[in-house]
Amino acid sequence: VMNMFNIVHINFYVICIIAFIFCGFSDKKVRRLKNKNEQLFMQISFCLLAFAMMFRSTPNYTDYMYYIKEYQSANGMTFAKCWDTKAPLIFFASSLLNKYVSHNPQIFFMSTGFFILWSFFRWINKYSDNKYISVIVFVGMLYYSTAMNIVRQYVAIAILLWGYGFLIRNDRKWYHLVMFGLIVVIAFLCHTSAIAGVLWILATFIPVPRQRWGNFFLYGILYVMAGRGILFGLNLFYNEYGEAESYGNTGSNILGILVPLGIVMFVWLYQNSLKKYKILVNSAVISAIFSIYSVIGMLIVSRIGNYLSIFNILLIPKLIDVMFRRFDYKSRTRLAILMILIYYLVMIWLNKVNYILNFDFSVIGEMFSA
């Protein structure tokens, strides 16, 4: 019961309540007020989420302790030594933080937490049709929770988000893809997860069939191709997860495959209304394929699916609009909030949501004492 009212969950409940109230200002006559409320909602949500993410102390999570050791080991590292590590850009940034800011590892979580949230909120603010739903999907469907645990991976994904505009341009030229490719390289220097950026590019080229029957043929080809790509990728990047009792062989939960498949089913049903959003539709499909392979093969594959499924943050508001088009904006938004809240509560019950027991404000104390 106490876990239901952890600070992480309380923040989400508050965000849901604010969204539930603010989305009521949707009348066209008060559009300026609506926009002001959207921006106020974004600001409040960002502050609540950033506070928890930046000052969290979660030694009970294994990755948290690894990041502390890595930050400490980066102290005094030259650029050449950073280049020889598995995440050169992360280690180089940590080296600079050690040198110019603080030796306290908490500064690592403060800086990465702020950057990840800033990147996601900027992306949502710029590209989402419904900011209320998108922010709630970001938290309620556990992207925020995951970002608190696998930091390097989400720093890489956050960097990729800055190139999203190059992928969706109506006047896209070859040099726009080159620019995005450079962003992928930068993100790759943080973590190999940035390889997902190549799949993002692929998702912009895969056609959305005009007829629904064409989907079965197309998705079948994608399924086979993904299988071959996964086999190659596992051997290249994730061969260590093949060892016994590793992450690659641990258990999963049924929602990990039902939710992606459910989204694909609704995309298929309403594809005529969504076909112009090619990258969102195709990413949902490829994400579901990776989720299937993660269950029948290695769970580590689910991470790639997760990196592709972040487009659900933009896709779900569009799905809600076409599925409940008979309802007004306020009703559609409130219905979505309730559905995602129920999903979040189920995930708490399944113990799938990261929570915070303590905060670390030592860096602030050191700055004031200095």
# chains A, B, ... in the order shown; residues from 1 in each chain; ligands from 1
$ closest_atom_pairs --of "segment 34-139 of chain A" --to "segment 344-353 of chain A" --cutoff "12 Å" --atoms "only C-alpha atoms" --output "CSV"
residue,atom,partner,partner_atom,distance
A:Tyr61,CA,A:Val353,CA,11.9
A:Ile136,CA,A:Tyr344,CA,9.9
A:Val137,CA,A:Tyr344,CA,9.6
A:Phe138,CA,A:Tyr344,CA,11.0
A:Val139,CA,A:Tyr344,CA,8.6
$ residues_around --residues "Tyr132 of chain A" --least-positions-apart "2" --cutoff "12 Å" --atoms "only C-alpha atoms" --output "MDAnalysis selection string"
chainID A and resid 15:24 26 34:35 37:45 121 124:125 128:130 134:140 313:314 316:317 329:330 332:337 340
$ write_last_selection --atoms "C-alpha atoms" --output "mmCIF file, in the first residue's frame"
data_model
loop_
_atom_site.group_PDB
_atom_site.id
_atom_site.type_symbol
_atom_site.label_atom_id
_atom_site.label_comp_id
_atom_site.auth_asym_id
_atom_site.auth_seq_id
_atom_site.Cartn_x
_atom_site.Cartn_y
_atom_site.Cartn_z
ATOM 1 C CA ILE A 15 0.030 15.400 -13.100
ATOM 2 C CA CYS A 16 -3.089 13.386 -14.000
ATOM 3 C CA ILE A 17 -5.297 15.616 -11.827
ATOM 4 C CA ILE A 18 -3.864 18.805 -13.333
ATOM 5 C CA ALA A 19 -4.299 17.448 -16.872
ATOM 6 C CA PHE A 20 -7.859 16.324 -16.055
ATOM 7 C CA ILE A 21 -8.728 19.866 -14.954
ATOM 8 C CA PHE A 22 -6.748 21.914 -17.474
ATOM 9 C CA CYS A 23 -7.943 20.014 -20.567
ATOM 10 C CA GLY A 24 -11.429 21.373 -19.857
ATOM 11 C CA SER A 26 -10.736 23.483 -24.923
ATOM 12 C CA LYS A 34 -6.081 26.652 -23.545
ATOM 13 C CA ASN A 35 -2.567 27.201 -24.859
ATOM 14 C CA ASN A 37 -2.892 26.091 -19.606
ATOM 15 C CA GLU A 38 -1.034 23.586 -21.775
ATOM 16 C CA GLN A 39 2.226 25.434 -21.222
ATOM 17 C CA LEU A 40 1.567 25.750 -17.491
ATOM 18 C CA PHE A 41 0.822 22.022 -17.364
ATOM 19 C CA MET A 42 4.086 21.281 -19.180
ATOM 20 C CA GLN A 43 6.054 23.489 -16.776
ATOM 21 C CA ILE A 44 4.519 21.983 -13.633
ATOM 22 C CA SER A 45 4.967 18.438 -14.934
ATOM 23 C CA PHE A 121 9.510 17.705 -23.108
ATOM 24 C CA ILE A 124 6.469 16.690 -26.929
ATOM 25 C CA ASN A 125 5.906 20.439 -26.869
ATOM 26 C CA SER A 128 2.448 16.437 -29.965
ATOM 27 C CA ASP A 129 -1.203 17.020 -30.918
ATOM 28 C CA ASN A 130 -2.240 16.670 -27.281
ATOM 29 C CA SER A 134 1.704 12.726 -24.361
ATOM 30 C CA VAL A 135 3.163 13.679 -20.976
ATOM 31 C CA ILE A 136 0.928 11.163 -19.234
ATOM 32 C CA VAL A 137 1.945 8.443 -21.724
ATOM 33 C CA PHE A 138 5.610 9.340 -21.087
ATOM 34 C CA VAL A 139 5.169 8.695 -17.368
ATOM 35 C CA GLY A 140 2.231 6.269 -17.257
ATOM 36 C CA ILE A 313 4.086 9.297 -26.977
ATOM 37 C CA LEU A 314 3.019 11.068 -30.183
ATOM 38 C CA ILE A 316 -1.426 7.554 -28.861
ATOM 39 C CA PRO A 317 -2.924 11.095 -28.867
ATOM 40 C CA TYR A 329 -11.510 17.206 -26.986
ATOM 41 C CA LYS A 330 -12.097 17.344 -23.237
ATOM 42 C CA ARG A 332 -11.308 12.250 -25.277
ATOM 43 C CA THR A 333 -8.447 13.568 -23.193
ATOM 44 C CA ARG A 334 -10.025 12.633 -19.869
ATOM 45 C CA LEU A 335 -10.837 9.130 -21.116
ATOM 46 C CA ALA A 336 -7.204 8.665 -22.189
ATOM 47 C CA ILE A 337 -5.962 9.902 -18.809
ATOM 48 C CA ILE A 340 -3.351 5.225 -18.794
#
$ residues_around --residues "segment 75-84 of chain A" --least-positions-apart "5" --cutoff "10 Å" --atoms "only C-alpha atoms" --output "number ranges by chain"
A: 70, 89-99, 102-103, 189
$ closest_residue --among "A:Trp162, A:Phe55, A:Tyr307, A:Tyr154" --to "Met110 of chain A" --atoms "only C-alpha atoms"
A:Phe55
$ residues_around --residues "Thr58 of chain A" --least-positions-apart "2" --cutoff "12 Å" --atoms "only C-alpha atoms" --output "VMD selection string"
chain A and resid 52 to 56 60 to 68 106 109 148 to 149 354 to 360
$ residues_around --residues "segment 262-277 of chain A" --least-positions-apart "3" --cutoff "12 Å" --atoms "only C-alpha atoms" --output "PyMOL selection string"
chain A and resi 127+167-170+203-216+219+255-259+280-289+291+309+311-325
$ write_last_selection --atoms "N, CA and C atoms" --output "compact mmCIF listing (two decimals), in the first residue's frame"
# COMPACT_ATOMS: atom_id res chain seq x y z
N TYR A 127 5.92 18.65 -31.13
CA TYR A 127 5.32 17.76 -32.12
C TYR A 127 4.02 17.07 -31.68
N LEU A 167 13.64 14.02 -39.91
CA LEU A 167 13.01 12.82 -40.46
C LEU A 167 11.61 13.07 -41.00
N ILE A 168 10.92 14.06 -40.48
CA ILE A 168 9.51 14.26 -40.84
C ILE A 168 9.28 15.47 -41.75
N ARG A 169 10.35 16.08 -42.21
CA ARG A 169 10.21 17.24 -43.09
C ARG A 169 9.51 16.85 -44.38
N ASN A 170 8.55 17.69 -44.82
CA ASN A 170 7.87 17.44 -46.08
C ASN A 170 8.80 17.65 -47.27
N ALA A 203 11.90 3.49 -40.78
CA ALA A 203 10.46 3.67 -40.57
C ALA A 203 9.89 4.79 -41.43
N THR A 204 10.73 5.71 -41.88
CA THR A 204 10.23 6.81 -42.73
C THR A 204 10.11 6.39 -44.19
N PHE A 205 10.73 5.25 -44.54
CA PHE A 205 10.71 4.79 -45.93
C PHE A 205 9.70 3.67 -46.17
N ILE A 206 9.37 2.91 -45.14
CA ILE A 206 8.43 1.79 -45.31
C ILE A 206 7.05 2.35 -45.65
N PRO A 207 6.45 1.93 -46.75
CA PRO A 207 5.13 2.46 -47.12
C PRO A 207 4.03 1.90 -46.23
N VAL A 208 2.99 2.68 -46.02
CA VAL A 208 1.80 2.20 -45.32
C VAL A 208 0.80 1.76 -46.39
N PRO A 209 0.49 0.45 -46.47
CA PRO A 209 -0.38 -0.06 -47.54
C PRO A 209 -1.73 0.65 -47.58
N ARG A 210 -2.24 0.82 -48.80
CA ARG A 210 -3.56 1.44 -48.95
C ARG A 210 -4.67 0.50 -48.51
N GLN A 211 -4.47 -0.78 -48.73
CA GLN A 211 -5.46 -1.77 -48.33
C GLN A 211 -4.97 -2.54 -47.11
N ARG A 212 -5.89 -2.89 -46.21
CA ARG A 212 -5.50 -3.55 -44.97
C ARG A 212 -4.86 -4.91 -45.20
N TRP A 213 -5.30 -5.63 -46.24
CA TRP A 213 -4.73 -6.95 -46.47
C TRP A 213 -3.25 -6.85 -46.79
N GLY A 214 -2.82 -5.70 -47.35
CA GLY A 214 -1.42 -5.51 -47.68
C GLY A 214 -0.53 -5.48 -46.45
N ASN A 215 -1.12 -5.14 -45.30
CA ASN A 215 -0.34 -5.10 -44.06
C ASN A 215 0.22 -6.46 -43.69
N PHE A 216 -0.58 -7.51 -43.89
CA PHE A 216 -0.12 -8.85 -43.51
C PHE A 216 1.13 -9.25 -44.29
N TYR A 219 4.04 -6.79 -43.06
CA TYR A 219 4.49 -7.08 -41.70
C TYR A 219 5.18 -8.44 -41.61
N LEU A 255 1.91 -8.07 -20.29
CA LEU A 255 1.57 -6.75 -20.83
C LEU A 255 2.66 -6.23 -21.75
N GLY A 256 3.89 -6.75 -21.56
CA GLY A 256 4.99 -6.32 -22.40
C GLY A 256 4.81 -6.66 -23.87
N ILE A 257 3.93 -7.61 -24.15
CA ILE A 257 3.66 -7.96 -25.54
C ILE A 257 2.23 -7.59 -25.94
N LEU A 258 1.28 -7.63 -24.98
CA LEU A 258 -0.11 -7.31 -25.30
C LEU A 258 -0.30 -5.84 -25.66
N VAL A 259 0.38 -4.95 -24.95
CA VAL A 259 0.22 -3.51 -25.21
C VAL A 259 0.74 -3.14 -26.60
N LEU A 280 5.43 7.12 -37.27
CA LEU A 280 4.76 6.70 -36.04
C LEU A 280 4.13 5.32 -36.21
N VAL A 281 3.46 5.12 -37.33
CA VAL A 281 2.80 3.84 -37.60
C VAL A 281 3.82 2.72 -37.73
N ASN A 282 4.85 2.94 -38.53
CA ASN A 282 5.85 1.89 -38.76
C ASN A 282 6.67 1.59 -37.52
N SER A 283 6.95 2.61 -36.73
CA SER A 283 7.70 2.37 -35.49
C SER A 283 6.91 1.52 -34.52
N ALA A 284 5.59 1.73 -34.47
CA ALA A 284 4.74 0.92 -33.60
C ALA A 284 4.77 -0.54 -34.04
N VAL A 285 4.74 -0.76 -35.35
CA VAL A 285 4.77 -2.13 -35.89
C VAL A 285 6.10 -2.80 -35.58
N ILE A 286 7.21 -2.11 -35.87
CA ILE A 286 8.54 -2.69 -35.65
C ILE A 286 8.76 -2.94 -34.16
N SER A 287 8.27 -2.01 -33.32
CA SER A 287 8.39 -2.18 -31.87
C SER A 287 7.68 -3.45 -31.41
N ALA A 288 6.48 -3.70 -31.96
CA ALA A 288 5.73 -4.90 -31.60
C ALA A 288 6.47 -6.16 -32.04
N ILE A 289 7.09 -6.11 -33.21
CA ILE A 289 7.85 -7.25 -33.71
C ILE A 289 9.01 -7.57 -32.77
N SER A 291 9.12 -6.84 -29.64
CA SER A 291 8.54 -7.34 -28.39
C SER A 291 8.24 -8.83 -28.48
N SER A 309 9.33 2.26 -29.41
CA SER A 309 7.97 2.53 -28.95
C SER A 309 7.80 3.92 -28.35
N PHE A 311 7.73 6.49 -29.81
CA PHE A 311 6.87 7.24 -30.72
C PHE A 311 5.40 7.09 -30.34
N ASN A 312 5.10 6.13 -29.44
CA ASN A 312 3.74 6.04 -28.91
C ASN A 312 3.35 7.32 -28.17
N ILE A 313 4.34 8.04 -27.68
CA ILE A 313 4.09 9.30 -26.98
C ILE A 313 3.40 10.29 -27.90
N LEU A 314 3.69 10.22 -29.19
CA LEU A 314 3.02 11.07 -30.18
C LEU A 314 1.87 10.34 -30.86
N LEU A 315 1.99 9.01 -31.00
CA LEU A 315 0.98 8.24 -31.72
C LEU A 315 -0.31 8.08 -30.94
N ILE A 316 -0.22 7.82 -29.65
CA ILE A 316 -1.43 7.55 -28.86
C ILE A 316 -2.40 8.73 -28.87
N PRO A 317 -1.96 9.99 -28.73
CA PRO A 317 -2.92 11.09 -28.87
C PRO A 317 -3.65 11.10 -30.21
N LYS A 318 -2.96 10.73 -31.28
CA LYS A 318 -3.59 10.68 -32.60
C LYS A 318 -4.59 9.52 -32.65
N LEU A 319 -4.21 8.37 -32.05
CA LEU A 319 -5.13 7.23 -31.99
C LEU A 319 -6.39 7.58 -31.21
N ILE A 320 -6.21 8.25 -30.09
CA ILE A 320 -7.36 8.65 -29.26
C ILE A 320 -8.28 9.56 -30.05
N ASP A 321 -7.72 10.46 -30.83
CA ASP A 321 -8.54 11.39 -31.63
C ASP A 321 -9.40 10.66 -32.66
N VAL A 322 -8.82 9.67 -33.34
CA VAL A 322 -9.58 8.99 -34.40
C VAL A 322 -10.51 7.92 -33.83
N MET A 323 -10.11 7.30 -32.70
CA MET A 323 -10.96 6.27 -32.10
C MET A 323 -12.19 6.86 -31.43
N PHE A 324 -12.05 8.05 -30.86
CA PHE A 324 -13.15 8.68 -30.12
C PHE A 324 -13.52 10.03 -30.72
N ARG A 325 -13.54 10.07 -32.04
CA ARG A 325 -13.78 11.32 -32.74
C ARG A 325 -15.18 11.89 -32.45
